[in-house]
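Colleague: Input: one structure, supplied below.
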Amino acid sequence: MTNGTLLDGVSMLGDGRYAPSPSGILHVGNLRTALLAWTYARSSQRGFLLRIEDLDGRSRPEFEAAQLRDLSELGIDWDGVPIRQSDRVSIYASITDALSAQNLTFECYCSRKDLAEAASAPHHELGFYPGTCRDLSVQQRAERRSLTGRAPAIRLRSEAVSVAFTDENYGRHSGHSDDIVLRRGDGTYSYNFVAVVDDILGQSTDPSPLIASVSAGNGNAGEGVGDRSGSGNEKRPDARALLTPQVTQIVRGNDLLSSTPRQIYLQKLLGFEPPQYAHVPLVVNHDAVRLSKRDGAVTLPQLHELGISTSQLVGMFAESLGFPAVGSAQEFLEVFQPEHMNKEPWVFTEPNV
Ligand SMILES: [Zn+2]
């Protein structure tokens with residue numbers, strides 16, 4: 001492998017990406033984030049990937065088709081064909097196996113009820129796995145398996161460390177690593193796990209560099225991982241060189257800030273440099289709640305019915321972000337300056353036409 005990217009013939013700066021779940025029509029909030037992700041990538045000479053996160057049982061091909069149509073209509077283009085997570089299950093399985101071979105996973109027999117009870121115990125950090133099944137003996141595991149009568153989930157065996165990173169828009173953040181679920185008992189892979197794997201691989205469907213890195217124990221996910229500010233206080237006694245992932249920039253809604261430390265931890269454990277993170281402000285309704293399909297006319301086809309053109313919508317996005325009301329994605333690319341972006345949430349109400 002070179003010191004560039006995993007793929008030849010693509011931007012040496014790597015890619016940005018947008019990763020919708022095809023469980024419905026994209027709404028104004030999704031479309032604005034997609035426009036920003038594309039603009040960040042193109043304005044920094046990166047490639048841009050579209051990834052369909054269709055492992056969810058609610059995914060439908062007709063929603064995927066509608067999402068691609070709406071993104072194209074907005075003026076967003078992408079490199080290569082869209083990446084579909086449902087095509088990559090064998091990749092996720094091979095990486096889970098590689099982690100297990102390094103004793104970096106464990107079987108978890110906890111039910112939702114068990115986890116809810118643990119979460120209500122005193123001193124429990126909200127949302128974090130309490131470690132119930134981390135250190136079971138072979139015999140205890142056999143007992144749990146026959147007791148529950150179902151396949152266990154596979155969790156990452158993480159060190160309890162603090163992970164700090166500097167977001168391009170929201171500054172310094174930190175959080176704890178967690179024994180995140182890699183594969184649920186029903187065989188489906190978790191969002192945090194597959195998102196990190198796919199960001200490392202980009203369009204490549206060859207997991208061997210990643211598996212080689214895991215097998216070599218290349219990762220060093222200790223304290224200070226993800227710290228791009230170079231503060232010099234990282235404790236990385238035997239830090240080996242981290243590899244460059246294909247996706248080097250992640251732009252997404254700032255409601256996902258709290259899951260970022262766990263993703264960075266995993267990325268470094270797999271032996272790869274964390275990408276640049278630029279979280280962007282959300283679109284909310286008049287109750288300051290994240291916009292949803294219940295908030296009236298919020299999709300492109302619905303807005304068209306009210307007489308709002310795609311170009312007008314791009315103008316509204318641009319203005320809401322503190323830029324002139326341009327009429328196309330290409331024009332937005334020309335006026336966009338990340339350092340001058342309005343970072344307040346945008347309150348969207350159905351336009352009165
Ligand atoms: Zn458990």
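Ordered as shown in the structure tokens, chains take letters A, B, and onward, while each chain numbers its residues from 1 and ligands are numbered from 1 in the order shown.
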Kindly compile the residues surrounding ligand 1 within 6 Å, counting only C-alpha atoms and all ligand atoms, and format them as a list in words.
Modeller: Cys108, Tyr109, Cys110, Thr132 and Cys133 of chain A
Colleague: Could you find all residues in stretch 158-341 of chain A that DSSP calls strand (DSSP E or B) from the backbone, and write them as an MDAnalysis selection string?
Modeller: chainID A and resid 162:167 171:176 181:183 189 243 247 249:253 272 276:280 283:284 290 299
Colleague: Generate the output file for the selected residues, N, CA and C atoms, as an mmCIF file, in the first residue's frame.
Modeller:
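Result went into part_1.cif, see below:
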data_model
loop_
_atom_site.group_PDB
_atom_site.id
_atom_site.type_symbol
_atom_site.label_atom_id
_atom_site.label_comp_id
_atom_site.auth_asym_id
_atom_site.auth_seq_id
_atom_site.Cartn_x
_atom_site.Cartn_y
_atom_site.Cartn_z
ATOM 1 N N SER A 162 -10.805 7.746 27.307
ATOM 2 C CA SER A 162 -11.433 8.954 26.812
ATOM 3 C C SER A 162 -10.887 9.249 25.425
ATOM 4 N N VAL A 163 -11.779 9.605 24.523
ATOM 5 C CA VAL A 163 -11.393 9.890 23.146
ATOM 6 C C VAL A 163 -11.720 11.354 22.852
ATOM 7 N N ALA A 164 -10.722 12.104 22.471
ATOM 8 C CA ALA A 164 -10.935 13.523 22.188
ATOM 9 C C ALA A 164 -10.737 13.788 20.705
ATOM 10 N N PHE A 165 -11.487 14.724 20.191
ATOM 11 C CA PHE A 165 -11.282 15.130 18.796
ATOM 12 C C PHE A 165 -11.697 16.591 18.655
ATOM 13 N N THR A 166 -11.250 17.202 17.562
ATOM 14 C CA THR A 166 -11.601 18.595 17.308
ATOM 15 C C THR A 166 -12.479 18.664 16.072
ATOM 16 N N ASP A 167 -13.740 19.021 16.292
ATOM 17 C CA ASP A 167 -14.669 19.148 15.176
ATOM 18 C C ASP A 167 -14.416 20.473 14.454
ATOM 19 N N GLY A 171 -15.606 22.599 17.551
ATOM 20 C CA GLY A 171 -14.445 22.608 18.434
ATOM 21 C C GLY A 171 -14.174 21.281 19.117
ATOM 22 N N ARG A 172 -13.566 21.381 20.287
ATOM 23 C CA ARG A 172 -13.067 20.189 20.939
ATOM 24 C C ARG A 172 -14.191 19.431 21.663
ATOM 25 N N HIS A 173 -14.207 18.126 21.465
ATOM 26 C CA HIS A 173 -15.194 17.256 22.094
ATOM 27 C C HIS A 173 -14.492 16.012 22.616
ATOM 28 N N SER A 174 -15.038 15.434 23.665
ATOM 29 C CA SER A 174 -14.492 14.152 24.082
ATOM 30 C C SER A 174 -15.608 13.256 24.595
ATOM 31 N N GLY A 175 -15.338 11.977 24.617
ATOM 32 C CA GLY A 175 -16.301 11.005 25.113
ATOM 33 C C GLY A 175 -15.563 9.715 25.388
ATOM 34 N N HIS A 176 -16.273 8.734 25.948
ATOM 35 C CA HIS A 176 -15.625 7.474 26.274
ATOM 36 C C HIS A 176 -15.851 6.429 25.196
ATOM 37 N N VAL A 181 -21.874 -2.772 20.125
ATOM 38 C CA VAL A 181 -22.302 -3.980 19.412
ATOM 39 C C VAL A 181 -21.748 -3.916 17.996
ATOM 40 N N LEU A 182 -21.135 -5.005 17.555
ATOM 41 C CA LEU A 182 -20.731 -5.113 16.155
ATOM 42 C C LEU A 182 -21.836 -5.825 15.373
ATOM 43 N N ARG A 183 -22.247 -6.982 15.915
ATOM 44 C CA ARG A 183 -23.312 -7.751 15.267
ATOM 45 C C ARG A 183 -24.348 -8.117 16.314
ATOM 46 N N TYR A 189 -25.670 -6.155 11.372
ATOM 47 C CA TYR A 189 -24.507 -5.392 11.838
ATOM 48 C C TYR A 189 -24.936 -3.996 12.289
ATOM 49 N N LEU A 243 -2.880 3.979 8.971
ATOM 50 C CA LEU A 243 -3.098 4.024 7.529
ATOM 51 C C LEU A 243 -4.127 5.101 7.192
ATOM 52 N N VAL A 247 -12.324 7.438 3.040
ATOM 53 C CA VAL A 247 -13.127 8.623 3.384
ATOM 54 C C VAL A 247 -12.346 9.414 4.421
ATOM 55 N N GLN A 249 -13.201 12.735 5.226
ATOM 56 C CA GLN A 249 -14.000 13.866 5.712
ATOM 57 C C GLN A 249 -15.436 13.397 5.928
ATOM 58 N N ILE A 250 -15.939 13.667 7.131
ATOM 59 C CA ILE A 250 -17.315 13.280 7.437
ATOM 60 C C ILE A 250 -18.095 14.519 7.830
ATOM 61 N N VAL A 251 -19.130 14.795 7.041
ATOM 62 C CA VAL A 251 -20.023 15.926 7.310
ATOM 63 C C VAL A 251 -21.385 15.341 7.616
ATOM 64 N N ARG A 252 -21.930 15.654 8.774
ATOM 65 C CA ARG A 252 -23.229 15.085 9.162
ATOM 66 C C ARG A 252 -23.851 15.949 10.246
ATOM 67 N N GLY A 253 -25.108 15.684 10.549
ATOM 68 C CA GLY A 253 -25.844 16.501 11.505
ATOM 69 C C GLY A 253 -25.213 16.455 12.891
ATOM 70 N N PHE A 272 -6.487 2.812 11.407
ATOM 71 C CA PHE A 272 -6.638 3.898 10.437
ATOM 72 C C PHE A 272 -6.784 5.253 11.116
ATOM 73 N N GLN A 276 -11.494 13.793 9.054
ATOM 74 C CA GLN A 276 -11.883 15.113 9.544
ATOM 75 C C GLN A 276 -13.404 15.094 9.785
ATOM 76 N N TYR A 277 -13.818 15.628 10.900
ATOM 77 C CA TYR A 277 -15.262 15.700 11.188
ATOM 78 C C TYR A 277 -15.729 17.139 11.125
ATOM 79 N N ALA A 278 -16.783 17.386 10.360
ATOM 80 C CA ALA A 278 -17.433 18.694 10.344
ATOM 81 C C ALA A 278 -18.920 18.445 10.581
ATOM 82 N N HIS A 279 -19.325 18.549 11.841
ATOM 83 C CA HIS A 279 -20.753 18.413 12.121
ATOM 84 C C HIS A 279 -21.452 19.719 11.740
ATOM 85 N N VAL A 280 -22.658 19.587 11.248
ATOM 86 C CA VAL A 280 -23.364 20.781 10.754
ATOM 87 C C VAL A 280 -24.688 20.943 11.493
ATOM 88 N N VAL A 283 -31.761 21.116 11.005
ATOM 89 C CA VAL A 283 -32.992 21.821 10.670
ATOM 90 C C VAL A 283 -34.042 21.357 11.674
ATOM 91 N N VAL A 284 -34.722 22.305 12.302
ATOM 92 C CA VAL A 284 -35.694 21.964 13.347
ATOM 93 C C VAL A 284 -37.072 22.545 13.002
ATOM 94 N N ARG A 290 -35.904 18.359 16.019
ATOM 95 C CA ARG A 290 -35.363 17.930 14.732
ATOM 96 C C ARG A 290 -36.501 17.680 13.736
ATOM 97 N N THR A 299 -40.639 17.558 1.955
ATOM 98 C CA THR A 299 -39.844 16.855 0.940
ATOM 99 C C THR A 299 -39.877 17.659 -0.350
#
Colleague: Rounded to one decimal in Å, what is the spacing between atom CA of A:Phe332 and atom CA of A:Tyr40?
Modeller: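 Interatomic distance here is 10.7 Å.
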Colleague: From the options A:Arg150, A:Arg134, A:Arg32, A:Arg60, which residue's atoms come nearest to A:Trp346, counting only C-alpha atoms?
Modeller: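 Ranking A:Arg150, A:Arg134, A:Arg32, A:Arg60 by distance to A:Trp346, first place goes to A:Arg32.
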Colleague: So how many Å separate atom CA of A:Ser111 and atom CA of A:Tyr191, to one decimal?
Modeller: 18.7 Å
Colleague: Extract, using only C-alpha atoms, all DNA, RNA and protein residues at most 6 Å from stretch 156-161 of chain A, discarding same-chain residues fewer than 4 positions from it, and format them as a short mmCIF file (atom, residue, chain, number, x, y, z; two decimals) with C-alpha atoms, in the first residue's frame.
Modeller:
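File written: out-v7.cif
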data_model
loop_
_atom_site.label_atom_id
_atom_site.label_comp_id
_atom_site.auth_asym_id
_atom_site.auth_seq_id
_atom_site.Cartn_x
_atom_site.Cartn_y
_atom_site.Cartn_z
CA LEU A 104 -11.06 -7.93 20.57
CA THR A 105 -14.68 -9.10 20.79
CA HIS A 176 -15.62 7.47 26.27
CA SER A 177 -15.06 4.41 24.19
CA ASP A 179 -18.11 -2.02 24.10
CA ILE A 180 -20.26 -1.26 21.09
CA GLU A 223 -5.89 8.01 25.19
#
Colleague: I need the residues of stretch 52-162 of chain A that end up classed as alpha helix (DSSP H) by DSSP on the backbone, written out as a VMD selection string.
Modeller: chain A and resid 61 to 74 89 to 101 112 to 119 138 to 148
Colleague: With C-alpha atoms retained, export the selected residues as a PDB file, in the first residue's frame.
Modeller:
ATOM      1  CA  PRO A  61     -35.789   0.110  -3.227  1.00  0.00           C
ATOM      2  CA  GLU A  62     -38.425   2.690  -4.179  1.00  0.00           C
ATOM      3  CA  PHE A  63     -37.192   5.030  -1.429  1.00  0.00           C
ATOM      4  CA  GLU A  64     -33.614   4.563  -2.595  1.00  0.00           C
ATOM      5  CA  ALA A  65     -34.631   5.485  -6.146  1.00  0.00           C
ATOM      6  CA  ALA A  66     -36.512   8.554  -4.899  1.00  0.00           C
ATOM      7  CA  GLN A  67     -33.545   9.658  -2.765  1.00  0.00           C
ATOM      8  CA  LEU A  68     -31.092   9.390  -5.680  1.00  0.00           C
ATOM      9  CA  ARG A  69     -33.519  11.336  -7.876  1.00  0.00           C
ATOM     10  CA  ASP A  70     -33.931  14.128  -5.302  1.00  0.00           C
ATOM     11  CA  LEU A  71     -30.173  14.423  -4.675  1.00  0.00           C
ATOM     12  CA  SER A  72     -29.520  14.636  -8.427  1.00  0.00           C
ATOM     13  CA  GLU A  73     -32.237  17.235  -8.798  1.00  0.00           C
ATOM     14  CA  LEU A  74     -30.524  19.302  -6.122  1.00  0.00           C
ATOM     15  CA  VAL A  89     -22.334  -8.205   4.646  1.00  0.00           C
ATOM     16  CA  SER A  90     -19.545 -10.714   3.955  1.00  0.00           C
ATOM     17  CA  ILE A  91     -17.005  -7.886   4.398  1.00  0.00           C
ATOM     18  CA  TYR A  92     -18.444  -6.961   7.800  1.00  0.00           C
ATOM     19  CA  ALA A  93     -18.373 -10.657   8.758  1.00  0.00           C
ATOM     20  CA  SER A  94     -14.708 -11.062   7.785  1.00  0.00           C
ATOM     21  CA  ILE A  95     -13.686  -8.018   9.823  1.00  0.00           C
ATOM     22  CA  THR A  96     -15.684  -9.191  12.829  1.00  0.00           C
ATOM     23  CA  ASP A  97     -13.863 -12.540  12.547  1.00  0.00           C
ATOM     24  CA  ALA A  98     -10.480 -10.763  12.352  1.00  0.00           C
ATOM     25  CA  LEU A  99     -11.295  -8.777  15.505  1.00  0.00           C
ATOM     26  CA  SER A 100     -12.445 -11.943  17.273  1.00  0.00           C
ATOM     27  CA  ALA A 101      -9.196 -13.690  16.329  1.00  0.00           C
ATOM     28  CA  ARG A 112     -32.921  -5.370  26.049  1.00  0.00           C
ATOM     29  CA  LYS A 113     -34.484  -5.739  29.500  1.00  0.00           C
ATOM     30  CA  ASP A 114     -31.119  -6.629  31.103  1.00  0.00           C
ATOM     31  CA  LEU A 115     -29.513  -3.577  29.531  1.00  0.00           C
ATOM     32  CA  ALA A 116     -32.388  -1.303  30.577  1.00  0.00           C
ATOM     33  CA  GLU A 117     -32.077  -2.541  34.183  1.00  0.00           C
ATOM     34  CA  ALA A 118     -28.317  -2.011  34.190  1.00  0.00           C
ATOM     35  CA  ALA A 119     -28.845   1.474  32.808  1.00  0.00           C
ATOM     36  CA  VAL A 138     -16.337 -20.881  28.629  1.00  0.00           C
ATOM     37  CA  GLN A 139     -18.707 -22.687  30.986  1.00  0.00           C
ATOM     38  CA  GLN A 140     -20.656 -19.524  31.826  1.00  0.00           C
ATOM     39  CA  ARG A 141     -21.028 -18.761  28.138  1.00  0.00           C
ATOM     40  CA  ALA A 142     -22.400 -22.251  27.460  1.00  0.00           C
ATOM     41  CA  GLU A 143     -24.880 -21.781  30.328  1.00  0.00           C
ATOM     42  CA  ARG A 144     -26.063 -18.403  29.020  1.00  0.00           C
ATOM     43  CA  ARG A 145     -26.436 -19.776  25.546  1.00  0.00           C
ATOM     44  CA  SER A 146     -28.661 -22.648  26.626  1.00  0.00           C
ATOM     45  CA  LEU A 147     -30.560 -20.370  29.034  1.00  0.00           C
ATOM     46  CA  THR A 148     -31.375 -17.672  26.478  1.00  0.00           C
TER      47      THR A 148
END
Colleague: Quick one: everything within 6 Å of stretch 45-52 of chain A, counting only C-alpha atoms, minus sequence neighbours fewer than 5 positions away in the same chain. Send it as a PyMOL selection string.
Modeller: chain A and resi 11+13-21+78-79+82-84
Colleague: Write out, as a PDB file, in the first residue's frame, the residues just selected, with N, CA and C atoms.
Modeller:
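Dumped everything to result27.pdb:
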ATOM      1  N   SER A  11      -9.079  10.660  -5.962  1.00  0.00           N
ATOM      2  CA  SER A  11      -8.443  11.787  -5.297  1.00  0.00           C
ATOM      3  C   SER A  11      -7.507  11.330  -4.184  1.00  0.00           C
ATOM      4  N   LEU A  13      -6.633  13.066  -1.892  1.00  0.00           N
ATOM      5  CA  LEU A  13      -7.107  13.679  -0.655  1.00  0.00           C
ATOM      6  C   LEU A  13      -8.227  12.858  -0.029  1.00  0.00           C
ATOM      7  N   GLY A  14      -8.608  11.782  -0.716  1.00  0.00           N
ATOM      8  CA  GLY A  14      -9.685  10.957  -0.202  1.00  0.00           C
ATOM      9  C   GLY A  14     -11.041  11.538  -0.575  1.00  0.00           C
ATOM     10  N   ASP A  15     -12.057  11.015   0.096  1.00  0.00           N
ATOM     11  CA  ASP A  15     -13.430  11.348  -0.264  1.00  0.00           C
ATOM     12  C   ASP A  15     -14.208  11.895   0.914  1.00  0.00           C
ATOM     13  N   GLY A  16     -15.242  12.655   0.564  1.00  0.00           N
ATOM     14  CA  GLY A  16     -16.333  12.916   1.498  1.00  0.00           C
ATOM     15  C   GLY A  16     -17.445  11.946   1.170  1.00  0.00           C
ATOM     16  N   ARG A  17     -18.523  11.992   1.925  1.00  0.00           N
ATOM     17  CA  ARG A  17     -19.621  11.055   1.622  1.00  0.00           C
ATOM     18  C   ARG A  17     -20.934  11.557   2.220  1.00  0.00           C
ATOM     19  N   TYR A  18     -22.025  11.048   1.620  1.00  0.00           N
ATOM     20  CA  TYR A  18     -23.347  11.223   2.214  1.00  0.00           C
ATOM     21  C   TYR A  18     -23.947   9.824   2.289  1.00  0.00           C
ATOM     22  N   ALA A  19     -24.579   9.514   3.422  1.00  0.00           N
ATOM     23  CA  ALA A  19     -24.996   8.128   3.661  1.00  0.00           C
ATOM     24  C   ALA A  19     -26.440   8.050   4.157  1.00  0.00           C
ATOM     25  N   PRO A  20     -27.401   8.175   3.241  1.00  0.00           N
ATOM     26  CA  PRO A  20     -28.804   8.111   3.668  1.00  0.00           C
ATOM     27  C   PRO A  20     -29.301   6.683   3.901  1.00  0.00           C
ATOM     28  N   SER A  21     -30.307   6.553   4.748  1.00  0.00           N
ATOM     29  CA  SER A  21     -31.019   5.277   4.926  1.00  0.00           C
ATOM     30  C   SER A  21     -32.287   5.337   4.088  1.00  0.00           C
ATOM     31  N   TRP A  78     -22.038  12.297  -7.579  1.00  0.00           N
ATOM     32  CA  TRP A  78     -21.151  11.448  -6.784  1.00  0.00           C
ATOM     33  C   TRP A  78     -20.276  10.621  -7.711  1.00  0.00           C
ATOM     34  N   ASP A  79     -19.188  10.126  -7.154  1.00  0.00           N
ATOM     35  CA  ASP A  79     -18.208   9.378  -7.942  1.00  0.00           C
ATOM     36  C   ASP A  79     -18.528   7.886  -7.890  1.00  0.00           C
ATOM     37  N   PRO A  82     -23.405   4.203  -6.402  1.00  0.00           N
ATOM     38  CA  PRO A  82     -23.676   4.227  -4.961  1.00  0.00           C
ATOM     39  C   PRO A  82     -23.256   2.908  -4.300  1.00  0.00           C
ATOM     40  N   ILE A  83     -22.713   3.034  -3.096  1.00  0.00           N
ATOM     41  CA  ILE A  83     -22.285   1.865  -2.323  1.00  0.00           C
ATOM     42  C   ILE A  83     -23.506   1.397  -1.522  1.00  0.00           C
ATOM     43  N   ARG A  84     -23.777   0.096  -1.602  1.00  0.00           N
ATOM     44  CA  ARG A  84     -24.953  -0.417  -0.877  1.00  0.00           C
ATOM     45  C   ARG A  84     -24.477  -1.356   0.229  1.00  0.00           C
TER      46      ARG A  84
END
Colleague: Using only C-alpha atoms, which residue out of A:His286, A:Arg155, A:Arg88, A:Lys343 lies closest to A:Asn192?
Modeller: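 Going through A:His286, A:Arg155, A:Arg88, A:Lys343 one by one, the smallest distance to A:Asn192 is for A:Arg155.
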Colleague: Of the candidates A:Thr205, A:Pro351, A:Gln263, A:Phe193, which one gets nearest to A:Gln312 if we count only C-alpha atoms?
Modeller: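 Answer, going by the shortest atom-to-atom distance: A:Pro351.
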Colleague: May I have the residues within 9 Å of A:Gln102 as a PyMOL selection string, using only C-alpha atoms and disregarding those fewer than 6 positions away in the same chain?
Modeller: chain A and resi 214-215+217
Colleague: Store the residues picked out above, limited to N, CA and C atoms, as a PDB file, in the first residue's frame.
Modeller:
ATOM      1  N   VAL A 214      -5.725  -5.339  11.243  1.00  0.00           N
ATOM      2  CA  VAL A 214      -6.247  -5.870  12.512  1.00  0.00           C
ATOM      3  C   VAL A 214      -5.359  -7.018  12.992  1.00  0.00           C
ATOM      4  N   SER A 215      -4.989  -7.898  12.066  1.00  0.00           N
ATOM      5  CA  SER A 215      -4.197  -9.073  12.437  1.00  0.00           C
ATOM      6  C   SER A 215      -2.798  -8.682  12.912  1.00  0.00           C
ATOM      7  N   GLY A 217      -2.248  -6.114  14.629  1.00  0.00           N
ATOM      8  CA  GLY A 217      -2.390  -5.308  15.845  1.00  0.00           C
ATOM      9  C   GLY A 217      -1.954  -3.881  15.615  1.00  0.00           C
TER      10      GLY A 217
END
Colleague: Between atom CA of A:Ala151 and atom CA of A:Ile211, what is the distance, to one decimal in Å?
Modeller: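 We find that atom CA of A:Ala151 and atom CA of A:Ile211 lie 24.3 Å from each other.
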Colleague: When you count only C-alpha atoms, which of these residues is closest to A:Ser44: A:Val194, A:Ala297, A:Ser292, A:Thr248?
Modeller: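 The answer is A:Thr248, which sits nearest to A:Ser44.
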Colleague: Restricting the calculation to only C-alpha atoms, which member of A:Ser190, A:Ser204, A:Ser59, A:Gln267 is positioned closest to A:Gly80?
Modeller: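 Of A:Ser190, A:Ser204, A:Ser59, A:Gln267, the one nearest A:Gly80 is A:Ser204, counting only C-alpha atoms.
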